[in-house]
>>> print(open('upload-v5.txt').read())   # compact mmCIF, C-alpha atoms (C1' of nucleotides)
# COMPACT_ATOMS: atom_id res chain seq x y z
CA MET A 116 75.93 -11.89 -54.62
CA GLY A 117 74.23 -15.21 -54.10
CA ARG A 118 75.55 -18.04 -52.06
CA TRP A 119 76.55 -20.31 -54.90
CA GLU A 120 75.47 -19.81 -58.51
CA PRO A 121 74.44 -16.32 -59.61
CA ASN A 122 71.04 -15.24 -60.94
CA GLY A 123 68.87 -17.46 -58.81
CA ARG A 124 65.82 -15.48 -59.77
CA GLY A 125 66.38 -16.05 -63.47
CA ARG A 126 66.89 -19.77 -62.93
CA LEU A 127 63.64 -19.95 -61.02
CA GLU A 128 61.79 -18.18 -63.82
CA ARG A 129 63.18 -20.48 -66.45
CA ALA A 130 62.54 -23.62 -64.43
CA ALA A 131 58.97 -22.55 -63.70
CA LEU A 132 58.10 -21.87 -67.33
CA GLU A 133 59.63 -25.18 -68.39
CA LEU A 134 57.74 -27.18 -65.80
CA TYR A 135 54.45 -25.38 -66.42
CA GLN A 136 54.86 -26.32 -70.06
CA GLU A 137 55.84 -29.92 -69.41
CA ARG A 138 53.31 -30.91 -66.75
CA GLY A 139 50.92 -27.99 -66.47
CA PHE A 140 50.66 -25.34 -63.79
CA GLU A 141 48.64 -27.26 -61.22
CA GLN A 142 50.67 -30.42 -61.55
CA THR A 143 53.87 -28.54 -60.77
CA THR A 144 54.85 -27.95 -57.15
CA VAL A 145 56.96 -25.03 -56.05
CA ALA A 146 59.39 -27.49 -54.49
CA GLU A 147 59.96 -29.00 -57.95
CA ILE A 148 60.63 -25.61 -59.50
CA ALA A 149 63.10 -24.78 -56.77
CA LYS A 150 64.81 -28.12 -57.11
CA ARG A 151 65.30 -27.70 -60.85
CA ALA A 152 66.73 -24.23 -60.20
CA GLY A 153 69.07 -25.63 -57.56
CA LEU A 154 67.36 -23.73 -54.75
CA THR A 155 64.75 -24.36 -52.07
CA GLU A 156 61.04 -23.70 -51.90
CA ARG A 157 61.59 -21.03 -49.27
CA THR A 158 63.87 -19.10 -51.59
CA PHE A 159 61.29 -19.22 -54.38
CA PHE A 160 58.86 -17.33 -52.17
CA ARG A 161 61.50 -14.75 -51.36
CA HIS A 162 61.76 -13.88 -55.06
CA PHE A 163 58.09 -14.22 -56.03
CA ALA A 164 55.00 -13.45 -54.00
CA ASP A 165 53.28 -16.61 -55.15
CA LYS A 166 53.38 -19.46 -57.62
CA ARG A 167 51.76 -17.40 -60.39
CA GLU A 168 53.79 -14.27 -60.06
CA VAL A 169 56.89 -15.94 -61.50
CA LEU A 170 55.33 -15.52 -64.96
CA PHE A 171 54.41 -11.87 -64.46
CA TRP A 172 57.10 -10.16 -62.46
CA ASP A 173 58.24 -8.10 -65.49
CA ALA A 174 54.81 -6.46 -65.83
CA GLY A 175 56.09 -3.54 -63.80
CA ALA A 176 58.58 -2.59 -66.49
CA LEU A 177 55.89 -2.71 -69.16
CA GLN A 178 53.70 -0.46 -67.05
CA GLU A 179 56.46 2.10 -66.61
CA LEU A 180 57.05 2.07 -70.34
CA LEU A 181 53.39 2.72 -71.05
CA VAL A 182 53.11 5.47 -68.47
CA SER A 183 56.26 7.29 -69.51
CA THR A 184 55.30 7.08 -73.17
CA VAL A 185 51.87 8.56 -72.54
CA ALA A 186 53.44 11.26 -70.37
CA ARG A 187 55.85 12.23 -73.14
CA MET A 188 53.18 12.73 -75.78
CA PRO A 189 52.55 16.33 -76.84
CA ASP A 190 49.63 18.04 -75.17
CA SER A 191 47.97 18.38 -78.54
CA ALA A 192 47.54 14.61 -78.79
CA ALA A 193 44.03 13.31 -78.13
CA PRO A 194 43.87 10.95 -75.12
CA ILE A 195 43.04 7.91 -77.23
CA ASP A 196 45.96 8.65 -79.54
CA ALA A 197 48.36 9.03 -76.64
CA VAL A 198 47.23 5.68 -75.30
CA ALA A 199 47.44 4.05 -78.73
CA ALA A 200 50.97 5.36 -79.25
CA ALA A 201 52.06 3.92 -75.90
CA LEU A 202 50.49 0.57 -76.72
CA GLU A 203 52.36 0.47 -80.02
CA VAL A 204 55.65 1.11 -78.24
CA ALA A 205 54.89 -1.67 -75.78
CA GLY A 206 53.85 -3.88 -78.68
CA ALA A 207 57.17 -3.30 -80.38
CA LEU A 208 58.93 -4.42 -77.21
CA LEU A 209 56.91 -7.61 -76.98
CA GLN A 210 57.56 -8.22 -80.66
CA GLU A 211 61.23 -8.70 -79.84
CA ARG A 212 60.42 -11.65 -77.62
CA ARG A 213 57.84 -13.35 -79.77
CA GLU A 214 58.79 -16.95 -79.03
CA TYR A 215 58.93 -16.35 -75.30
CA SER A 216 55.59 -14.53 -75.44
CA ARG A 217 53.98 -17.42 -77.27
CA LYS A 218 55.24 -20.05 -74.87
CA ARG A 219 54.14 -17.99 -71.92
CA GLN A 220 50.72 -17.28 -73.38
CA ALA A 221 50.14 -20.96 -74.10
CA VAL A 222 50.81 -21.74 -70.45
CA ILE A 223 48.55 -18.93 -69.27
CA ALA A 224 45.73 -19.92 -71.60
CA ALA A 225 45.84 -23.46 -70.23
CA ASN A 226 45.14 -22.39 -66.65
CA PRO A 227 42.36 -20.22 -65.21
CA GLU A 228 44.40 -19.10 -62.21
CA LEU A 229 47.08 -17.74 -64.49
CA HIS A 230 44.42 -16.14 -66.66
CA GLU A 231 43.13 -14.33 -63.58
CA ARG A 232 46.56 -13.02 -62.81
CA GLU A 233 47.02 -11.81 -66.36
CA LEU A 234 43.73 -9.96 -66.23
CA ILE A 235 44.63 -8.10 -63.05
CA LYS A 236 47.95 -7.12 -64.59
CA LEU A 237 46.14 -5.72 -67.60
CA ALA A 238 43.71 -3.93 -65.29
CA SER A 239 46.69 -2.46 -63.48
CA LEU A 240 48.08 -1.20 -66.77
CA GLY A 241 44.70 0.38 -67.44
CA SER A 242 44.59 2.10 -64.06
CA ALA A 243 48.10 3.44 -64.54
CA MET A 244 47.21 4.86 -67.94
CA ALA A 245 44.03 6.43 -66.58
CA GLU A 246 46.11 8.02 -63.85
CA VAL A 247 48.64 9.53 -66.23
CA LEU A 248 45.80 10.81 -68.41
CA ARG A 249 44.34 12.53 -65.37
CA ARG A 250 47.68 14.17 -64.71
CA ARG A 251 47.46 15.44 -68.29
CA GLY A 252 44.19 17.15 -67.42
CA VAL A 253 41.77 14.56 -68.76
CA ARG A 254 38.71 14.32 -66.52
CA GLU A 255 36.73 11.33 -65.38
CA PRO A 256 35.10 9.28 -66.70
CA THR A 257 36.94 10.09 -69.93
CA ALA A 258 40.32 9.06 -68.53
CA SER A 259 39.18 5.66 -67.31
CA LEU A 260 37.16 4.98 -70.40
CA THR A 261 40.03 5.85 -72.70
CA ALA A 262 42.38 3.60 -70.76
CA GLU A 263 39.89 0.74 -70.71
CA ALA A 264 39.30 1.12 -74.43
CA GLY A 265 43.05 0.95 -74.93
CA ILE A 266 43.27 -2.25 -72.93
CA ALA A 267 40.43 -3.76 -74.96
CA VAL A 268 42.24 -2.86 -78.18
CA PHE A 269 45.45 -4.35 -76.86
CA LYS A 270 43.83 -7.59 -75.71
CA VAL A 271 42.29 -8.25 -79.11
CA ALA A 272 45.43 -7.32 -81.02
CA PHE A 273 47.66 -9.39 -78.77
CA GLY A 274 45.34 -12.35 -79.15
CA SER A 275 45.58 -12.19 -82.93
CA TRP A 276 49.34 -11.77 -82.80
CA VAL A 277 49.80 -14.83 -80.62
CA ASP A 278 47.37 -17.00 -82.52
CA GLU A 279 48.46 -16.32 -86.06
CA THR A 280 50.86 -18.65 -87.77
CA THR A 281 52.15 -15.98 -90.11
CA SER A 282 53.82 -13.44 -87.89
CA ARG A 283 52.14 -10.12 -88.49
CA ASP A 284 53.43 -6.97 -86.86
CA LEU A 285 52.02 -6.35 -83.38
CA PRO A 286 52.08 -2.53 -83.49
CA GLN A 287 50.32 -2.78 -86.85
CA LEU A 288 47.71 -5.10 -85.37
CA ILE A 289 47.16 -2.61 -82.56
CA ARG A 290 46.49 0.15 -85.06
CA GLU A 291 44.08 -2.04 -86.97
CA SER A 292 42.35 -3.03 -83.77
CA LEU A 293 41.84 0.60 -82.82
CA ASP A 294 40.46 1.32 -86.27
CA GLU A 295 38.07 -1.56 -85.80
CA LEU A 296 36.96 -0.14 -82.46
CA ARG A 297 36.30 3.19 -84.12
CA SER A 298 34.14 1.47 -86.71
CA VAL A 299 32.30 -0.52 -84.11
CA THR A 300 31.40 2.50 -82.01
CA ALA A 301 30.76 4.90 -84.87
CA ARG A 302 27.22 6.19 -85.10
CA ARG A 303 25.66 5.48 -88.42
CA MET B 276 16.24 -31.56 -48.63
CA GLY B 277 19.13 -30.84 -46.33
CA ARG B 278 19.94 -32.67 -43.17
CA TRP B 279 18.75 -30.05 -40.71
CA GLU B 280 18.04 -26.47 -41.69
CA PRO B 281 17.20 -25.74 -45.33
CA ASN B 282 19.13 -23.45 -47.67
CA GLY B 283 22.61 -24.23 -46.45
CA ARG B 284 24.07 -22.58 -49.50
CA GLY B 285 22.30 -19.31 -48.80
CA ARG B 286 23.44 -19.36 -45.17
CA LEU B 287 27.02 -19.88 -46.29
CA GLU B 288 26.77 -16.94 -48.69
CA ARG B 289 25.36 -14.66 -46.04
CA ALA B 290 27.87 -15.73 -43.40
CA ALA B 291 30.77 -15.28 -45.81
CA LEU B 292 29.78 -11.76 -46.83
CA GLU B 293 29.29 -10.77 -43.20
CA LEU B 294 32.64 -12.10 -42.09
CA TYR B 295 34.48 -10.65 -45.09
CA GLN B 296 33.01 -7.29 -44.10
CA GLU B 297 33.76 -7.62 -40.41
CA ARG B 298 37.32 -8.96 -40.49
CA GLY B 299 38.37 -8.83 -44.11
CA PHE B 300 38.70 -11.65 -46.61
CA GLU B 301 42.14 -12.90 -45.63
CA GLN B 302 41.46 -12.81 -41.93
CA THR B 303 38.41 -15.03 -42.36
CA THR B 304 38.83 -18.79 -42.46
CA VAL B 305 36.45 -21.08 -44.26
CA ALA B 306 35.95 -22.96 -41.00
CA GLU B 307 34.62 -19.76 -39.44
CA ILE B 308 32.19 -19.17 -42.30
CA ALA B 309 30.92 -22.72 -42.04
CA LYS B 310 30.55 -22.47 -38.28
CA ARG B 311 28.46 -19.30 -38.51
CA ALA B 312 26.28 -21.01 -41.11
CA GLY B 313 25.91 -24.04 -38.88
CA LEU B 314 27.80 -26.30 -41.27
CA THR B 315 31.30 -27.67 -41.71
CA GLU B 316 34.25 -26.60 -43.81
CA ARG B 317 33.87 -29.68 -45.97
CA THR B 318 30.33 -28.73 -46.86
CA PHE B 319 31.39 -25.21 -47.81
CA PHE B 320 33.64 -26.68 -50.49
CA ARG B 321 30.81 -28.81 -51.79
CA HIS B 322 28.80 -25.68 -52.53
CA PHE B 323 31.60 -23.40 -53.72
CA ALA B 324 34.74 -24.26 -55.63
CA ASP B 325 36.86 -22.02 -53.44
CA LYS B 326 36.80 -19.32 -50.80
CA ARG B 327 36.27 -16.54 -53.37
CA GLU B 328 33.55 -18.13 -55.43
CA VAL B 329 30.99 -17.67 -52.67
CA LEU B 330 30.74 -14.01 -53.72
CA PHE B 331 30.39 -14.78 -57.43
CA TRP B 332 28.32 -17.91 -57.90
CA ASP B 333 25.39 -15.91 -59.32
CA ALA B 334 27.52 -14.62 -62.21
CA GLY B 335 26.20 -17.47 -64.33
CA ALA B 336 22.66 -16.11 -64.22
CA LEU B 337 23.87 -12.67 -65.23
CA GLN B 338 25.73 -14.19 -68.15
CA GLU B 339 22.66 -16.06 -69.35
CA LEU B 340 20.65 -12.87 -69.12
CA LEU B 341 23.18 -10.99 -71.22
CA VAL B 342 23.46 -13.73 -73.82
CA SER B 343 19.73 -14.27 -74.21
CA THR B 344 19.11 -10.54 -74.45
CA VAL B 345 21.68 -10.10 -77.19
CA ALA B 346 20.27 -13.14 -78.97
CA ARG B 347 16.77 -11.68 -78.92
CA MET B 348 17.74 -8.38 -80.50
CA PRO B 349 16.48 -7.83 -84.07
CA ASP B 350 18.98 -8.58 -86.81
CA SER B 351 18.88 -4.96 -87.83
CA ALA B 352 20.52 -3.89 -84.57
CA ALA B 353 24.20 -2.99 -84.80
CA PRO B 354 26.45 -5.24 -82.67
CA ILE B 355 27.37 -2.46 -80.25
CA ASP B 356 23.72 -1.56 -79.78
CA ALA B 357 22.76 -5.15 -79.11
CA VAL B 358 25.49 -5.37 -76.49
CA ALA B 359 24.50 -2.04 -74.96
CA ALA B 360 20.87 -3.09 -74.72
CA ALA B 361 21.85 -6.28 -72.93
CA LEU B 362 24.07 -4.37 -70.51
CA GLU B 363 21.20 -2.04 -69.70
CA VAL B 364 18.93 -4.97 -68.92
CA ALA B 365 21.59 -6.45 -66.66
CA GLY B 366 22.10 -3.03 -65.09
CA ALA B 367 18.41 -2.80 -64.30
CA LEU B 368 18.65 -6.14 -62.53
CA LEU B 369 21.61 -5.05 -60.43
CA GLN B 370 19.79 -1.83 -59.64
CA GLU B 371 17.23 -3.85 -57.71
CA ARG B 372 19.89 -5.05 -55.32
CA ARG B 373 21.79 -1.85 -54.86
CA GLU B 374 22.63 -2.25 -51.17
CA TYR B 375 23.82 -5.79 -51.63
CA SER B 376 25.88 -4.75 -54.65
CA ARG B 377 27.54 -1.99 -52.68
CA LYS B 378 28.44 -4.17 -49.74
CA ARG B 379 29.80 -6.81 -52.04
CA GLN B 380 31.80 -4.34 -54.08
CA ALA B 381 33.35 -2.82 -50.97
CA VAL B 382 34.56 -6.25 -49.94
CA ILE B 383 35.91 -6.99 -53.40
CA ALA B 384 37.68 -3.65 -53.68
CA ALA B 385 39.45 -4.32 -50.38
CA ASN B 386 41.10 -7.51 -51.59
CA PRO B 387 43.22 -8.19 -54.69
CA GLU B 388 42.34 -11.88 -54.85
CA LEU B 389 38.66 -11.02 -55.02
CA HIS B 390 39.40 -8.35 -57.60
CA GLU B 391 41.08 -11.00 -59.74
CA ARG B 392 38.05 -13.20 -59.53
CA GLU B 393 35.77 -10.33 -60.48
CA LEU B 394 37.89 -9.59 -63.53
CA ILE B 395 37.76 -13.13 -64.81
CA LYS B 396 33.99 -13.14 -64.37
CA LEU B 397 33.76 -9.97 -66.44
CA ALA B 398 36.06 -11.49 -69.03
CA SER B 399 33.79 -14.50 -69.14
CA LEU B 400 30.81 -12.24 -69.77
CA GLY B 401 32.78 -10.67 -72.59
CA SER B 402 33.61 -14.01 -74.16
CA ALA B 403 30.01 -15.10 -73.97
CA MET B 404 28.84 -11.93 -75.66
CA ALA B 405 31.46 -12.26 -78.37
CA GLU B 406 30.26 -15.81 -78.95
CA VAL B 407 26.62 -14.83 -79.33
CA LEU B 408 27.61 -12.03 -81.68
CA ARG B 409 29.46 -14.57 -83.80
CA ARG B 410 26.32 -16.69 -83.92
CA ARG B 411 24.57 -13.59 -85.23
CA GLY B 412 27.03 -13.47 -88.10
CA VAL B 413 29.47 -10.89 -86.76
CA ARG B 414 33.03 -11.75 -87.76
CA GLU B 415 36.25 -11.53 -85.82
CA PRO B 416 37.82 -9.36 -84.62
CA THR B 417 34.66 -7.26 -84.65
CA ALA B 418 32.78 -9.58 -82.32
CA SER B 419 35.50 -9.67 -79.66
CA LEU B 420 36.17 -5.98 -79.90
CA THR B 421 32.50 -5.10 -79.55
CA ALA B 422 32.16 -7.34 -76.52
CA GLU B 423 35.31 -5.96 -74.92
CA ALA B 424 34.14 -2.42 -75.54
CA GLY B 425 30.87 -3.32 -73.87
CA ILE B 426 32.69 -4.66 -70.82
CA ALA B 427 34.78 -1.49 -70.63
CA VAL B 428 31.63 0.61 -70.76
CA PHE B 429 30.03 -1.50 -68.07
CA LYS B 430 33.06 -1.37 -65.77
CA VAL B 431 33.19 2.40 -65.83
CA ALA B 432 29.44 2.83 -65.42
CA PHE B 433 29.26 0.32 -62.59
CA GLY B 434 32.14 2.04 -60.83
CA SER B 435 30.34 5.37 -60.94
CA TRP B 436 27.10 3.81 -59.79
CA VAL B 437 28.71 2.17 -56.78
CA ASP B 438 30.77 5.21 -55.80
CA GLU B 439 28.17 7.90 -56.01
CA THR B 440 26.27 8.99 -52.95
CA THR B 441 23.29 10.19 -54.93
CA SER B 442 21.85 7.10 -56.53
CA ARG B 443 21.81 7.66 -60.25
CA ASP B 444 20.25 5.14 -62.57
CA LEU B 445 22.62 2.38 -63.65
CA PRO B 446 21.12 1.77 -67.11
CA GLN B 447 21.31 5.52 -67.65
CA LEU B 448 24.97 5.55 -66.56
CA ILE B 449 25.64 2.76 -69.04
CA ARG B 450 24.15 4.79 -71.88
CA GLU B 451 26.20 7.82 -70.86
CA SER B 452 29.32 5.69 -70.63
CA LEU B 453 28.80 4.37 -74.14
CA ASP B 454 28.27 7.91 -75.40
CA GLU B 455 31.52 8.88 -73.75
CA LEU B 456 33.29 5.98 -75.44
CA ARG B 457 31.93 7.15 -78.79
CA SER B 458 33.31 10.62 -78.13
CA VAL B 459 36.66 9.26 -77.02
CA THR B 460 37.15 7.15 -80.12
CA ALA B 461 35.63 9.57 -82.61
CA ARG B 462 38.03 10.81 -85.27
CA ARG B 463 38.26 14.55 -85.28
C1' DT C 24 4.52 -50.19 -43.84
C1' DC C 25 9.10 -51.26 -44.67
C1' DA C 26 13.48 -51.79 -47.25
C1' DG C 27 16.46 -49.77 -50.14
C1' DA C 28 17.95 -45.88 -53.09
C1' DC C 29 19.46 -41.24 -53.04
C1' DG C 30 21.20 -36.72 -51.78
C1' DA C 31 23.34 -33.84 -48.42
C1' DT C 32 26.36 -33.64 -44.62
C1' DG C 33 30.18 -34.84 -41.14
C1' DG C 34 34.68 -36.54 -40.02
C1' DC C 35 39.27 -37.42 -41.03
C1' DA C 36 43.64 -37.90 -43.36
C1' DG C 37 46.70 -35.72 -46.39
C1' DC C 38 48.91 -32.64 -49.89
C1' DT C 39 50.35 -28.09 -51.17
C1' DG C 40 50.81 -23.07 -51.01
C1' DC C 41 52.63 -19.81 -48.16
C1' DT C 42 54.73 -17.51 -43.81
C1' DG C 43 57.55 -16.68 -39.60
C1' DT C 44 61.74 -17.52 -37.43
C1' DC C 45 66.33 -18.60 -36.77
C1' DA C 46 70.74 -20.52 -38.31
C1' DT C 47 74.27 -20.52 -41.86
C1' DC C 48 77.40 -19.10 -45.29
C1' DA C 49 79.88 -16.04 -48.66
C1' DA C 50 81.54 -11.64 -49.65
C1' DG C 51 82.55 -7.05 -48.51
C1' DT C 52 84.43 -3.58 -44.96
C1' DA C 53 86.84 -1.41 -41.19
C1' DT D 11 90.93 -10.38 -38.17
C1' DA D 12 86.47 -9.22 -36.53
C1' DC D 13 82.16 -7.33 -37.94
C1' DT D 14 78.40 -6.44 -41.07
C1' DT D 15 75.35 -7.49 -44.75
C1' DG D 16 72.55 -10.02 -47.96
C1' DA D 17 71.01 -14.25 -49.75
C1' DT D 18 69.98 -18.86 -48.64
C1' DG D 19 68.66 -23.19 -45.95
C1' DA D 20 66.03 -25.60 -42.49
C1' DC D 21 62.04 -26.27 -39.89
C1' DA D 22 57.56 -25.63 -37.83
C1' DG D 23 52.97 -24.42 -38.62
C1' DC D 24 48.55 -22.55 -40.55
C1' DA D 25 44.99 -22.49 -44.04
C1' DG D 26 42.98 -23.80 -48.52
C1' DC D 27 41.41 -27.64 -50.76
C1' DT D 28 40.53 -32.79 -51.96
C1' DG D 29 39.53 -37.76 -51.54
C1' DC D 30 37.29 -41.16 -49.07
C1' DC D 31 33.99 -43.26 -46.30
C1' DA D 32 30.37 -43.12 -42.74
C1' DT D 33 26.00 -41.21 -41.39
C1' DC D 34 21.53 -39.37 -41.54
C1' DG D 35 17.10 -37.77 -43.48
C1' DT D 36 13.89 -38.17 -47.22
C1' DC D 37 11.81 -40.26 -51.03
C1' DT D 38 10.12 -44.30 -53.60
C1' DG D 39 8.24 -48.65 -54.74
C1' DA D 40 6.46 -53.11 -53.55
>>> encode(input="upload-v5.txt", output="structure tokens")
Amino acid sequence: MGRWEPNGRGRLERAALELYQERGFEQTTVAEIAKRAGLTERTFFRHFADKREVLFWDAGALQELLVSTVARMPDSAAPIDAVAAALEVAGALLQERREYSRKRQAVIAANPELHERELIKLASLGSAMAEVLRRRGVREPTASLTAEAGIAVFKVAFGSWVDETTSRDLPQLIRESLDELRSVTARR
Amino acid sequence: MGRWEPNGRGRLERAALELYQERGFEQTTVAEIAKRAGLTERTFFRHFADKREVLFWDAGALQELLVSTVARMPDSAAPIDAVAAALEVAGALLQERREYSRKRQAVIAANPELHERELIKLASLGSAMAEVLRRRGVREPTASLTAEAGIAVFKVAFGSWVDETTSRDLPQLIRESLDELRSVTARR
DNA sequence: TCAGACGATGGCAGCTGCTGTCATCAAGTA
DNA sequence: TACTTGATGACAGCAGCTGCCATCGTCTGA
């Protein structure tokens, strides 16, 4: 295990989120985060590739969840429905950590650099879903477009979920958002 | 005008793109860009907020073009059609600089930091379009969803346009991409 | 024509993010 | 008990980026 206290990575995460909240992302130095976690700056960069990544390192798990859920859907499911089902599963997971998600999102919204990082994580989720759709026999550009549409649906639904004072259900919001997309794109 | 040669900003842009192509983004220092442009590092940062922005500073013009085009559409136009029309106009503009667009995109694709910056520029275009839709009386979440769908359509169409050896028409690819999105989201 | 305003640039110091390298320490293993 | 292994500390150093002030060319008004 570690040299002194266990779970150095977790302490770094917690310290970073706290300090980003208290002083803002730019006004926080990595040395300060490390100090609050009882570690050194050098160790921070062994756990996280950069100062932003500390807020996003769990994105990999979310991506695996999305991919495996899409992969498990019956072949009869339309691509957009497979994607929507996966997003609802992921939404249910996020739902369990609503307070954490809100805090984190407030920090991200307050800083453009963090917003950039969030966007590339979402884009990565999209690419992964397009890839699994292709493995299911969906051709391009249908696969990419379906995945991108899914990401768009998720972004809007997640935004509503975070903003609202009354806590509506995230999977439900995702369904409603997809319905709205269908209306928006429907030919009249 | 400038102190010696005119158009320092343009020289910096050109030098940066060249060096990013030759050695890659990370392997290029700002001092090297400035030197090739006959200027200093300090002056580079007066023209561009950071090392990435030199490839994206013209995004503002594209955004204005999109916004004004949406704003000029007749009230009878459906939101998605207004957005699509604006994207086609923007696509026609990009079409005129195909070689430059390709070079630039190759550089961006080769570096995650540049990809991040591109994504936030696209997100900014989306926000601007959502805003102009709201001014046209479109409510949320319809406005955001329409704009996000437009960005998704554009991303896929632009990707095809850049990849293909035979140069198909970008506005045409955008129309086809929107048609594909309609098919993908259509209820069966 | 000349003095001063103004805008763009150079030069320099300094902070911070991030990396490479080597030493150190705790715990497990033969 | 000696050796290995994995996480950490310590330190040097580069590059991105900023603040500050000096400098230079051009424009403007008397």
>>> atom_distance(input="upload-v5.txt", atom1="atom CA of B:Val407", atom2="atom CA of B:Ser343")
8.6 Å
>>> interface_residues(input="upload-v5.txt", of="chain D", to="chain A", cutoff="9 Å", atoms="only C-alpha atoms (C1' of nucleotides)", output="JSON, numbers by chain")
{"D": [16, 17, 18, 19]}
>>> atom_distance(input="upload-v5.txt", atom1="atom CA of A:Ile289", atom2="atom CA of A:Phe269")
6.2 Å
>>> closest_atom_pairs(input="upload-v5.txt", of="chain C", to="chain A", cutoff="8 Å", atoms="only C-alpha atoms (C1' of nucleotides)", output="JSON lines")
{"residue": "C:DT39", "atom": "C1'", "partner": "A:Thr144", "partner_atom": "CA", "distance": 7.5}
{"residue": "C:DG40", "atom": "C1'", "partner": "A:Lys166", "partner_atom": "CA", "distance": 8.0}
{"residue": "C:DC41", "atom": "C1'", "partner": "A:Asp165", "partner_atom": "CA", "distance": 7.7}
{"residue": "C:DC48", "atom": "C1'", "partner": "A:Arg118", "partner_atom": "CA", "distance": 7.1}
{"residue": "C:DA49", "atom": "C1'", "partner": "A:Arg118", "partner_atom": "CA", "distance": 5.9}
{"residue": "C:DA50", "atom": "C1'", "partner": "A:Met116", "partner_atom": "CA", "distance": 7.5}
>>> atom_distance(input="upload-v5.txt", atom1="atom CA of A:Leu260", atom2="atom CA of B:Val428")
7.1 Å
>>> interface_residues(input="upload-v5.txt", of="chain A", to="chain B", cutoff="8 Å", atoms="all atoms listed in the file", output="PyMOL selection string")
chain A and resi 194-195+230-232+234-235+256-257+259-261+263-264+267-268+271+292+295-297+299-302
>>> residues_around(input="upload-v5.txt", residues="C:DC25", least_positions_apart="6", cutoff="12 Å", atoms="all atoms listed in the file", output="PyMOL selection string")
chain D and resi 38-40
>>> residues_near_point(input="upload-v5.txt", point="(49.2, -28.2, -42.0)", cutoff="10 Å", atoms="all atoms listed in the file", output="list in words")
DG37, DC38 and DT39 of chain C; DA22, DG23, DC24 and DA25 of chain D
>>> write_last_selection(input="upload-v5.txt", atoms="C-alpha atoms (C1' of nucleotides)", output="PDB file, in the frame of the given file")
ATOM      1  C1'  DG C  37      46.700 -35.720 -46.390  1.00  0.00           C
ATOM      2  C1'  DC C  38      48.910 -32.640 -49.890  1.00  0.00           C
ATOM      3  C1'  DT C  39      50.350 -28.090 -51.170  1.00  0.00           C
TER       4       DT C  39
ATOM      5  C1'  DA D  22      57.560 -25.630 -37.830  1.00  0.00           C
ATOM      6  C1'  DG D  23      52.970 -24.420 -38.620  1.00  0.00           C
ATOM      7  C1'  DC D  24      48.550 -22.550 -40.550  1.00  0.00           C
ATOM      8  C1'  DA D  25      44.990 -22.490 -44.040  1.00  0.00           C
TER       9       DA D  25
END
>>> residues_around(input="upload-v5.txt", residues="stretch 136-140 of chain A", least_positions_apart="2", cutoff="12 Å", atoms="all atoms listed in the file", output="JSON list (two decimals) with C-alpha atoms, in the coordinates of the input")
[["chain", "number", "residue", "atom", "x", "y", "z"],
["A", 129, "ARG", "CA", 63.18, -20.48, -66.45],
["A", 130, "ALA", "CA", 62.54, -23.62, -64.43],
["A", 131, "ALA", "CA", 58.97, -22.55, -63.70],
["A", 132, "LEU", "CA", 58.10, -21.87, -67.33],
["A", 133, "GLU", "CA", 59.63, -25.18, -68.39],
["A", 134, "LEU", "CA", 57.74, -27.18, -65.80],
["A", 142, "GLN", "CA", 50.67, -30.42, -61.55],
["A", 143, "THR", "CA", 53.87, -28.54, -60.77],
["A", 144, "THR", "CA", 54.85, -27.95, -57.15],
["A", 145, "VAL", "CA", 56.96, -25.03, -56.05],
["A", 147, "GLU", "CA", 59.96, -29.00, -57.95],
["A", 148, "ILE", "CA", 60.63, -25.61, -59.50],
["A", 166, "LYS", "CA", 53.38, -19.46, -57.62],
["A", 167, "ARG", "CA", 51.76, -17.40, -60.39],
["A", 169, "VAL", "CA", 56.89, -15.94, -61.50],
["A", 170, "LEU", "CA", 55.33, -15.52, -64.96],
["A", 215, "TYR", "CA", 58.93, -16.35, -75.30],
["A", 217, "ARG", "CA", 53.98, -17.42, -77.27],
["A", 218, "LYS", "CA", 55.24, -20.05, -74.87],
["A", 219, "ARG", "CA", 54.14, -17.99, -71.92],
["A", 220, "GLN", "CA", 50.72, -17.28, -73.38],
["A", 221, "ALA", "CA", 50.14, -20.96, -74.10],
["A", 222, "VAL", "CA", 50.81, -21.74, -70.45],
["A", 223, "ILE", "CA", 48.55, -18.93, -69.27],
["A", 224, "ALA", "CA", 45.73, -19.92, -71.60],
["A", 225, "ALA", "CA", 45.84, -23.46, -70.23],
["A", 226, "ASN", "CA", 45.14, -22.39, -66.65],
["A", 227, "PRO", "CA", 42.36, -20.22, -65.21],
["A", 228, "GLU", "CA", 44.40, -19.10, -62.21],
["A", 229, "LEU", "CA", 47.08, -17.74, -64.49],
["A", 230, "HIS", "CA", 44.42, -16.14, -66.66]]
>>> axis_aligned_box(input="upload-v5.txt", around="stretch 33-47 of chain C", padding_each_side="6 Å", output="AutoDock Vina command-line options")
--center_x 52.2 --center_y -27.3 --center_z -44.0 --size_x 56.1 --size_y 33.2 --size_z 26.4
>>> residues_around(input="upload-v5.txt", residues="D:DT33", least_positions_apart="3", cutoff="12 Å", atoms="all atoms listed in the file", output="PDB file with C-alpha atoms (C1' of nucleotides), in the coordinates of the input")
ATOM      1  CA  ARG B 278      19.940 -32.670 -43.170  1.00  0.00           C
TER       2      ARG B 278
ATOM      3  C1'  DA C  31      23.340 -33.840 -48.420  1.00  0.00           C
ATOM      4  C1'  DT C  32      26.360 -33.640 -44.620  1.00  0.00           C
ATOM      5  C1'  DG C  33      30.180 -34.840 -41.140  1.00  0.00           C
ATOM      6  C1'  DG C  34      34.680 -36.540 -40.020  1.00  0.00           C
TER       7       DG C  34
END
>>> closest_residue(input="upload-v5.txt", among="B:Val358, B:Ala309, B:Gly285, B:Ser351", to="B:Ala403", atoms="all atoms listed in the file")
B:Val358
